[in-house]
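Q: First the structure, which I've put down as structure tokens, then a few questions once you've had a look.
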Amino acid sequence: MLRLTFCAALMGVSTTAHAADEQQSPSIDLSGTAMVASDYRFRGISLSDGRPALQGSLTATYRSGLYATAWASNIDGLGELGGSNLEVDLGAGYKFSRGSTTYDAGLLYYAYPGSSGGDFEFFEPYASVSHQSGRTTGRLSMAIAPAQSAIGNRSNIYVAADVSYVLEVAPVTLRTHIGRSDGKTTLSPGGGYTDWSLGAETQWRKVVLGLSLAGTSISRTDARAVGARPRDVEPSVVATASLAF
């Protein structure tokens with residue numbers, strides 16, 4: 001009888017402690033990054049004219065899997081946007097995992113505060129699925145921008161595949177990426193193109209250092225047609241340093 005009473009008391013203490021932990025645990029998790037990049041490349045195309053870019057993000061994630069995010073970077077203005085030469089991406093979505101597979105879907109809004117020469121802002125729904133197996137993680141993603149004046153009143157689709165592999169002999173992650181953009185819009189010079197990158201990164205505490213080679217299949221003629229310089233679409237080495245908080 002004493003043994004049963006003692007066990008019941010322990011269970012009561014455990015349940016109370018668990019309930020207290022749940023009450024103390026925040027329902028919203030805030031995280032962010034600060035990064036400096038030698039070049040800001042969006043789907044293979046330089047938006048900083050090959051110059052360094054300062055970038056930052058802030059994400060609020062709810063227990064349910066819902067999240068809201070804001071990201072910003074200085075740009076040089078593809079087609080000379082003017083204004084503040086700043087890109088701000090605002091998004092919201094829902095992410096959840098089942099075993100080693102993670103699903104993510106949401107909506108992004110691309111804003112260019114103070115831009116001149118027309119309306120450049122547009123929105124884009126996206127979805128992705130990633131799966132981890134051992135040291136390898138694969139990810140498939142898709143983004144579809146409906147017809148909007150900012151991108152030429154036509155819809156655009158972007159699909160991509162990313163693979164990362166964590167080396168066993170060193171704290172280094174190898175990364176590969178290939179993407180395809182289609183649609184006769186400002187997002188798809190020439191009506192469509194392929195972008196790619198090969199790189200590696202290493203982490204020390206909360207600092208991540210990366211180095212990659214990125215490029216596109218865009219011709220010089222198609223680059224000029226959308227206001228980009230040939231060097232903005234040709235292969236280039238990109239170095240990054242980021243801090244998570």
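Here's how to read the names in the structure tokens: chain A, B, ... by the order shown, residue numbers from 1 in each chain, ligand numbers from 1 in the order shown.
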Going by DSSP on the backbone, which bits of region 136-224 of chain A are alpha helix (DSSP H)? Write them as a PyMOL selection string, please.
A: chain A and resi 220-224
Q: So that I can check the surroundings of region 99-116 of chain A, please list as a PDB file with N, CA and C atoms, in the first residue's frame every protein, DNA and RNA residue that reaches within 12 Å of it, counting only C-alpha atoms and ignoring chain neighbours fewer than 5 positions away.
A:
```pdb
ATOM      1  N   PHE A  42      20.505  35.867 -56.762  1.00  0.00           N
ATOM      2  CA  PHE A  42      19.151  35.347 -56.656  1.00  0.00           C
ATOM      3  C   PHE A  42      18.904  34.423 -57.840  1.00  0.00           C
ATOM      4  N   GLY A  65       3.753  24.967 -35.985  1.00  0.00           N
ATOM      5  CA  GLY A  65       4.466  24.835 -37.250  1.00  0.00           C
ATOM      6  C   GLY A  65       4.296  26.051 -38.141  1.00  0.00           C
ATOM      7  N   LEU A  66       3.370  26.945 -37.773  1.00  0.00           N
ATOM      8  CA  LEU A  66       3.208  28.184 -38.517  1.00  0.00           C
ATOM      9  C   LEU A  66       4.399  29.102 -38.250  1.00  0.00           C
ATOM     10  N   TYR A  67       4.785  29.888 -39.235  1.00  0.00           N
ATOM     11  CA  TYR A  67       5.896  30.806 -39.036  1.00  0.00           C
ATOM     12  C   TYR A  67       5.718  32.049 -39.896  1.00  0.00           C
ATOM     13  N   ALA A  68       6.389  33.108 -39.488  1.00  0.00           N
ATOM     14  CA  ALA A  68       6.428  34.363 -40.244  1.00  0.00           C
ATOM     15  C   ALA A  68       7.887  34.791 -40.314  1.00  0.00           C
ATOM     16  N   THR A  69       8.293  35.316 -41.450  1.00  0.00           N
ATOM     17  CA  THR A  69       9.704  35.649 -41.623  1.00  0.00           C
ATOM     18  C   THR A  69       9.884  36.943 -42.391  1.00  0.00           C
ATOM     19  N   ALA A  70      10.997  37.612 -42.120  1.00  0.00           N
ATOM     20  CA  ALA A  70      11.367  38.825 -42.844  1.00  0.00           C
ATOM     21  C   ALA A  70      12.852  38.736 -43.170  1.00  0.00           C
ATOM     22  N   TRP A  71      13.207  39.085 -44.393  1.00  0.00           N
ATOM     23  CA  TRP A  71      14.602  39.004 -44.848  1.00  0.00           C
ATOM     24  C   TRP A  71      14.911  40.253 -45.658  1.00  0.00           C
ATOM     25  N   ALA A  72      16.131  40.769 -45.532  1.00  0.00           N
ATOM     26  CA  ALA A  72      16.483  41.984 -46.256  1.00  0.00           C
ATOM     27  C   ALA A  72      17.922  41.929 -46.750  1.00  0.00           C
ATOM     28  N   SER A  73      18.173  42.612 -47.874  1.00  0.00           N
ATOM     29  CA  SER A  73      19.514  42.697 -48.448  1.00  0.00           C
ATOM     30  C   SER A  73      19.642  43.967 -49.265  1.00  0.00           C
ATOM     31  N   ASN A  74      20.827  44.531 -49.262  1.00  0.00           N
ATOM     32  CA  ASN A  74      21.075  45.633 -50.177  1.00  0.00           C
ATOM     33  C   ASN A  74      21.274  45.063 -51.583  1.00  0.00           C
ATOM     34  N   ILE A  75      20.850  45.800 -52.600  1.00  0.00           N
ATOM     35  CA  ILE A  75      21.004  45.388 -53.987  1.00  0.00           C
ATOM     36  C   ILE A  75      21.522  46.585 -54.776  1.00  0.00           C
ATOM     37  N   ASP A  76      21.950  46.319 -56.012  1.00  0.00           N
ATOM     38  CA  ASP A  76      22.404  47.408 -56.864  1.00  0.00           C
ATOM     39  C   ASP A  76      21.325  47.773 -57.864  1.00  0.00           C
ATOM     40  N   GLY A  77      20.235  47.022 -57.846  1.00  0.00           N
ATOM     41  CA  GLY A  77      19.119  47.337 -58.711  1.00  0.00           C
ATOM     42  C   GLY A  77      19.215  46.699 -60.069  1.00  0.00           C
ATOM     43  N   LEU A  78      18.639  45.510 -60.238  1.00  0.00           N
ATOM     44  CA  LEU A  78      18.575  44.866 -61.550  1.00  0.00           C
ATOM     45  C   LEU A  78      17.734  45.764 -62.451  1.00  0.00           C
ATOM     46  N   GLY A  79      18.353  46.362 -63.463  1.00  0.00           N
ATOM     47  CA  GLY A  79      17.648  47.338 -64.277  1.00  0.00           C
ATOM     48  C   GLY A  79      17.596  48.682 -63.565  1.00  0.00           C
ATOM     49  N   GLU A  80      18.495  48.859 -62.547  1.00  0.00           N
ATOM     50  CA  GLU A  80      18.570  50.109 -61.781  1.00  0.00           C
ATOM     51  C   GLU A  80      17.221  50.481 -61.172  1.00  0.00           C
ATOM     52  N   LEU A  81      16.843  49.768 -60.131  1.00  0.00           N
ATOM     53  CA  LEU A  81      15.572  50.038 -59.454  1.00  0.00           C
ATOM     54  C   LEU A  81      15.548  51.410 -58.803  1.00  0.00           C
ATOM     55  N   GLY A  82      16.700  51.878 -58.374  1.00  0.00           N
ATOM     56  CA  GLY A  82      16.740  53.171 -57.708  1.00  0.00           C
ATOM     57  C   GLY A  82      16.194  53.067 -56.297  1.00  0.00           C
ATOM     58  N   GLY A  83      15.717  54.185 -55.770  1.00  0.00           N
ATOM     59  CA  GLY A  83      15.178  54.175 -54.418  1.00  0.00           C
ATOM     60  C   GLY A  83      16.252  53.839 -53.403  1.00  0.00           C
ATOM     61  N   SER A  84      15.905  52.997 -52.465  1.00  0.00           N
ATOM     62  CA  SER A  84      16.829  52.648 -51.393  1.00  0.00           C
ATOM     63  C   SER A  84      17.788  51.538 -51.793  1.00  0.00           C
ATOM     64  N   ASN A  85      17.597  50.979 -53.005  1.00  0.00           N
ATOM     65  CA  ASN A  85      18.401  49.824 -53.427  1.00  0.00           C
ATOM     66  C   ASN A  85      18.386  48.750 -52.341  1.00  0.00           C
ATOM     67  N   LEU A  86      17.195  48.446 -51.879  1.00  0.00           N
ATOM     68  CA  LEU A  86      17.006  47.465 -50.818  1.00  0.00           C
ATOM     69  C   LEU A  86      15.910  46.492 -51.211  1.00  0.00           C
ATOM     70  N   GLU A  87      16.147  45.206 -50.945  1.00  0.00           N
ATOM     71  CA  GLU A  87      15.120  44.183 -51.146  1.00  0.00           C
ATOM     72  C   GLU A  87      14.663  43.687 -49.781  1.00  0.00           C
ATOM     73  N   VAL A  88      13.366  43.629 -49.593  1.00  0.00           N
ATOM     74  CA  VAL A  88      12.787  43.107 -48.357  1.00  0.00           C
ATOM     75  C   VAL A  88      11.798  42.015 -48.723  1.00  0.00           C
ATOM     76  N   ASP A  89      12.036  40.798 -48.230  1.00  0.00           N
ATOM     77  CA  ASP A  89      11.143  39.674 -48.486  1.00  0.00           C
ATOM     78  C   ASP A  89      10.348  39.354 -47.220  1.00  0.00           C
ATOM     79  N   LEU A  90       9.033  39.404 -47.331  1.00  0.00           N
ATOM     80  CA  LEU A  90       8.148  39.092 -46.209  1.00  0.00           C
ATOM     81  C   LEU A  90       7.409  37.804 -46.520  1.00  0.00           C
ATOM     82  N   GLY A  91       7.386  36.883 -45.572  1.00  0.00           N
ATOM     83  CA  GLY A  91       6.750  35.599 -45.843  1.00  0.00           C
ATOM     84  C   GLY A  91       6.059  34.993 -44.645  1.00  0.00           C
ATOM     85  N   ALA A  92       5.199  34.027 -44.933  1.00  0.00           N
ATOM     86  CA  ALA A  92       4.510  33.260 -43.899  1.00  0.00           C
ATOM     87  C   ALA A  92       4.253  31.873 -44.457  1.00  0.00           C
ATOM     88  N   GLY A  93       4.314  30.878 -43.583  1.00  0.00           N
ATOM     89  CA  GLY A  93       4.109  29.523 -44.063  1.00  0.00           C
ATOM     90  C   GLY A  93       3.865  28.545 -42.947  1.00  0.00           C
ATOM     91  N   TYR A  94       3.871  27.283 -43.310  1.00  0.00           N
ATOM     92  CA  TYR A  94       3.629  26.196 -42.360  1.00  0.00           C
ATOM     93  C   TYR A  94       4.614  25.070 -42.657  1.00  0.00           C
ATOM     94  N   GLU A 121       7.312  45.128 -57.248  1.00  0.00           N
ATOM     95  CA  GLU A 121       6.991  44.200 -56.167  1.00  0.00           C
ATOM     96  C   GLU A 121       6.021  43.122 -56.627  1.00  0.00           C
ATOM     97  N   PHE A 122       6.242  41.899 -56.144  1.00  0.00           N
ATOM     98  CA  PHE A 122       5.389  40.778 -56.529  1.00  0.00           C
ATOM     99  C   PHE A 122       5.350  39.746 -55.421  1.00  0.00           C
ATOM    100  N   PHE A 123       4.389  38.809 -55.500  1.00  0.00           N
ATOM    101  CA  PHE A 123       4.293  37.736 -54.510  1.00  0.00           C
ATOM    102  C   PHE A 123       4.438  36.380 -55.193  1.00  0.00           C
ATOM    103  N   GLU A 124       4.807  35.370 -54.395  1.00  0.00           N
ATOM    104  CA  GLU A 124       5.125  34.059 -54.965  1.00  0.00           C
ATOM    105  C   GLU A 124       4.856  32.942 -53.949  1.00  0.00           C
ATOM    106  N   PRO A 125       3.883  32.083 -54.173  1.00  0.00           N
ATOM    107  CA  PRO A 125       3.684  30.906 -53.318  1.00  0.00           C
ATOM    108  C   PRO A 125       4.807  29.894 -53.554  1.00  0.00           C
ATOM    109  N   TYR A 126       5.125  29.113 -52.522  1.00  0.00           N
ATOM    110  CA  TYR A 126       6.194  28.122 -52.642  1.00  0.00           C
ATOM    111  C   TYR A 126       5.874  26.884 -51.818  1.00  0.00           C
ATOM    112  N   ALA A 127       6.553  25.790 -52.155  1.00  0.00           N
ATOM    113  CA  ALA A 127       6.410  24.541 -51.398  1.00  0.00           C
ATOM    114  C   ALA A 127       7.682  23.726 -51.571  1.00  0.00           C
ATOM    115  N   SER A 128       8.013  22.943 -50.563  1.00  0.00           N
ATOM    116  CA  SER A 128       9.205  22.102 -50.652  1.00  0.00           C
ATOM    117  C   SER A 128       9.053  20.863 -49.782  1.00  0.00           C
ATOM    118  N   VAL A 129       9.825  19.848 -50.108  1.00  0.00           N
ATOM    119  CA  VAL A 129       9.907  18.638 -49.300  1.00  0.00           C
ATOM    120  C   VAL A 129      11.369  18.237 -49.223  1.00  0.00           C
ATOM    121  N   SER A 130      11.837  17.940 -48.033  1.00  0.00           N
ATOM    122  CA  SER A 130      13.224  17.532 -47.843  1.00  0.00           C
ATOM    123  C   SER A 130      13.278  16.242 -47.042  1.00  0.00           C
ATOM    124  N   HIS A 131      14.310  15.450 -47.302  1.00  0.00           N
ATOM    125  CA  HIS A 131      14.452  14.164 -46.619  1.00  0.00           C
ATOM    126  C   HIS A 131      15.909  13.956 -46.242  1.00  0.00           C
ATOM    127  N   GLN A 132      16.124  13.526 -45.007  1.00  0.00           N
ATOM    128  CA  GLN A 132      17.475  13.270 -44.521  1.00  0.00           C
ATOM    129  C   GLN A 132      17.704  11.776 -44.373  1.00  0.00           C
ATOM    130  N   SER A 133      18.821  11.321 -44.895  1.00  0.00           N
ATOM    131  CA  SER A 133      19.221   9.917 -44.773  1.00  0.00           C
ATOM    132  C   SER A 133      20.692   9.879 -44.412  1.00  0.00           C
ATOM    133  N   GLY A 134      20.970   9.583 -43.156  1.00  0.00           N
ATOM    134  CA  GLY A 134      22.351   9.581 -42.706  1.00  0.00           C
ATOM    135  C   GLY A 134      22.946  10.976 -42.783  1.00  0.00           C
ATOM    136  N   ARG A 135      24.054  11.109 -43.509  1.00  0.00           N
ATOM    137  CA  ARG A 135      24.727  12.389 -43.642  1.00  0.00           C
ATOM    138  C   ARG A 135      24.258  13.185 -44.854  1.00  0.00           C
ATOM    139  N   THR A 136      23.310  12.627 -45.597  1.00  0.00           N
ATOM    140  CA  THR A 136      22.836  13.268 -46.820  1.00  0.00           C
ATOM    141  C   THR A 136      21.416  13.800 -46.653  1.00  0.00           C
ATOM    142  N   THR A 137      21.199  15.014 -47.147  1.00  0.00           N
ATOM    143  CA  THR A 137      19.866  15.614 -47.138  1.00  0.00           C
ATOM    144  C   THR A 137      19.528  16.099 -48.542  1.00  0.00           C
ATOM    145  N   GLY A 138      18.377  15.687 -49.039  1.00  0.00           N
ATOM    146  CA  GLY A 138      17.915  16.117 -50.354  1.00  0.00           C
ATOM    147  C   GLY A 138      16.671  16.968 -50.223  1.00  0.00           C
ATOM    148  N   ARG A 139      16.521  17.938 -51.116  1.00  0.00           N
ATOM    149  CA  ARG A 139      15.381  18.846 -51.041  1.00  0.00           C
ATOM    150  C   ARG A 139      14.891  19.188 -52.440  1.00  0.00           C
ATOM    151  N   LEU A 140      13.576  19.077 -52.637  1.00  0.00           N
ATOM    152  CA  LEU A 140      12.930  19.483 -53.879  1.00  0.00           C
ATOM    153  C   LEU A 140      12.001  20.646 -53.562  1.00  0.00           C
ATOM    154  N   SER A 141      12.037  21.686 -54.367  1.00  0.00           N
ATOM    155  CA  SER A 141      11.211  22.854 -54.098  1.00  0.00           C
ATOM    156  C   SER A 141      10.612  23.418 -55.378  1.00  0.00           C
ATOM    157  N   MET A 142       9.528  24.150 -55.225  1.00  0.00           N
ATOM    158  CA  MET A 142       8.841  24.777 -56.351  1.00  0.00           C
ATOM    159  C   MET A 142       8.239  26.094 -55.903  1.00  0.00           C
ATOM    160  N   ALA A 143       8.339  27.109 -56.774  1.00  0.00           N
ATOM    161  CA  ALA A 143       7.726  28.402 -56.511  1.00  0.00           C
ATOM    162  C   ALA A 143       7.021  28.849 -57.782  1.00  0.00           C
ATOM    163  N   ILE A 144       5.768  29.272 -57.648  1.00  0.00           N
ATOM    164  CA  ILE A 144       4.985  29.698 -58.804  1.00  0.00           C
ATOM    165  C   ILE A 144       4.494  31.119 -58.569  1.00  0.00           C
ATOM    166  N   ALA A 145       4.974  32.036 -59.404  1.00  0.00           N
ATOM    167  CA  ALA A 145       4.535  33.426 -59.316  1.00  0.00           C
ATOM    168  C   ALA A 145       3.415  33.654 -60.323  1.00  0.00           C
ATOM    169  N   PRO A 146       2.199  33.946 -59.850  1.00  0.00           N
ATOM    170  CA  PRO A 146       1.087  34.215 -60.772  1.00  0.00           C
ATOM    171  C   PRO A 146       1.379  35.465 -61.606  1.00  0.00           C
ATOM    172  N   ALA A 150       4.492  43.400 -62.224  1.00  0.00           N
ATOM    173  CA  ALA A 150       5.911  43.528 -61.890  1.00  0.00           C
ATOM    174  C   ALA A 150       6.796  42.536 -62.634  1.00  0.00           C
ATOM    175  N   ILE A 151       6.224  41.403 -63.073  1.00  0.00           N
ATOM    176  CA  ILE A 151       7.030  40.398 -63.764  1.00  0.00           C
ATOM    177  C   ILE A 151       6.583  40.202 -65.211  1.00  0.00           C
TER     178      ILE A 151
END
```
Q: Do you have the CA of Leu209 (chain A)-CA of Val36 (chain A) distance handy?
A: 10.0 Å
Q: As an MDAnalysis selection string, please: every residue in region 12-239 of chain A that a backbone DSSP assignment puts in strand (DSSP E or B).
A: chainID A and resid 28:37 41:42 45:46 53:62 66:74 86:98 101:111 122:133 136:145 156:166 172:182 192:204 207:216 236:239
Q: Which residues come within 7 Å of Leu198 (chain A), counting only C-alpha atoms, excluding same-chain residues fewer than 5 positions away, as a list of chain:residue names?
A: A:Arg175, A:Thr176, A:His177, A:Ser212, A:Leu213, A:Ala214
Q: Pull N, CA, C and O atoms from the residues just selected and write them as a short mmCIF file (atom, residue, chain, number, x, y, z; two decimals), in the first residue's frame.
A:
```cif
data_model
loop_
_atom_site.label_atom_id
_atom_site.label_comp_id
_atom_site.auth_asym_id
_atom_site.auth_seq_id
_atom_site.Cartn_x
_atom_site.Cartn_y
_atom_site.Cartn_z
N ARG A 175 27.60 21.18 -50.66
CA ARG A 175 26.26 21.52 -51.15
C ARG A 175 26.24 21.64 -52.67
O ARG A 175 27.16 22.20 -53.27
N THR A 176 25.17 21.11 -53.28
CA THR A 176 24.96 21.27 -54.71
C THR A 176 23.54 21.76 -54.94
O THR A 176 22.62 21.46 -54.17
N HIS A 177 23.37 22.52 -56.00
CA HIS A 177 22.06 23.09 -56.31
C HIS A 177 21.89 23.21 -57.81
O HIS A 177 22.84 23.54 -58.54
N SER A 212 31.27 29.12 -52.59
CA SER A 212 30.60 28.40 -53.65
C SER A 212 30.90 29.02 -55.01
O SER A 212 31.32 30.17 -55.12
N LEU A 213 30.66 28.23 -56.05
CA LEU A 213 30.76 28.69 -57.43
C LEU A 213 29.35 28.63 -58.00
O LEU A 213 28.71 27.57 -57.99
N ALA A 214 28.84 29.78 -58.46
CA ALA A 214 27.45 29.84 -58.94
C ALA A 214 27.41 30.42 -60.34
O ALA A 214 28.22 31.30 -60.69
#
```
Q: Can you tell me how far CA of Val233 (chain A) sits from CA of Ser219 (chain A), in Å to one decimal?
A: 7.9 Å
Q: Would you mind listing what lies within 7 Å of Tyr193 (chain A) as a ChimeraX atom specification, with only C-alpha atoms counted and same-chain residues fewer than 3 positions away left out?
A: /A:180-182,188-189,217-218
Q: Using only C-alpha atoms, can you tell me which of A:Val163, A:Ala60, A:Ala223, A:Ala200 comes closest to Val238 (chain A)?
A: A:Ala200
Q: Could you check which of A:Gln148, A:Thr194, A:Ser46, A:Ser31 is closest to Arg231 (chain A), using only C-alpha atoms?
A: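 Once distances to Arg231 (chain A) are computed over only C-alpha atoms, the minimum belongs to A:Ser46.
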Q: What separation in Å, quoted to one decimal, exists between CA of Thr240 (chain A) and CA of Leu211 (chain A)?
A: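 It comes out at 6.4 Å.
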Q: Nearest to Ala37 (chain A) among A:Ala241, A:Val226, A:Val169, A:Ala160, with distances taken over only C-alpha atoms: which residue is it?
A: A:Ala241
Q: Give me the residues near Trp204 (chain A) as a ChimeraX atom specification, where near means some atom within 12 Å (using only C-alpha atoms) and where sequence neighbours in that chain fewer than 6 positions away do not count.
A: /A:170-172,210,241-244
Q: Between A:Pro52, A:Pro26, A:Gly44, A:Gly199, which one has atoms that come closest to Ser164 (chain A), using only C-alpha atoms?
A: A:Gly199
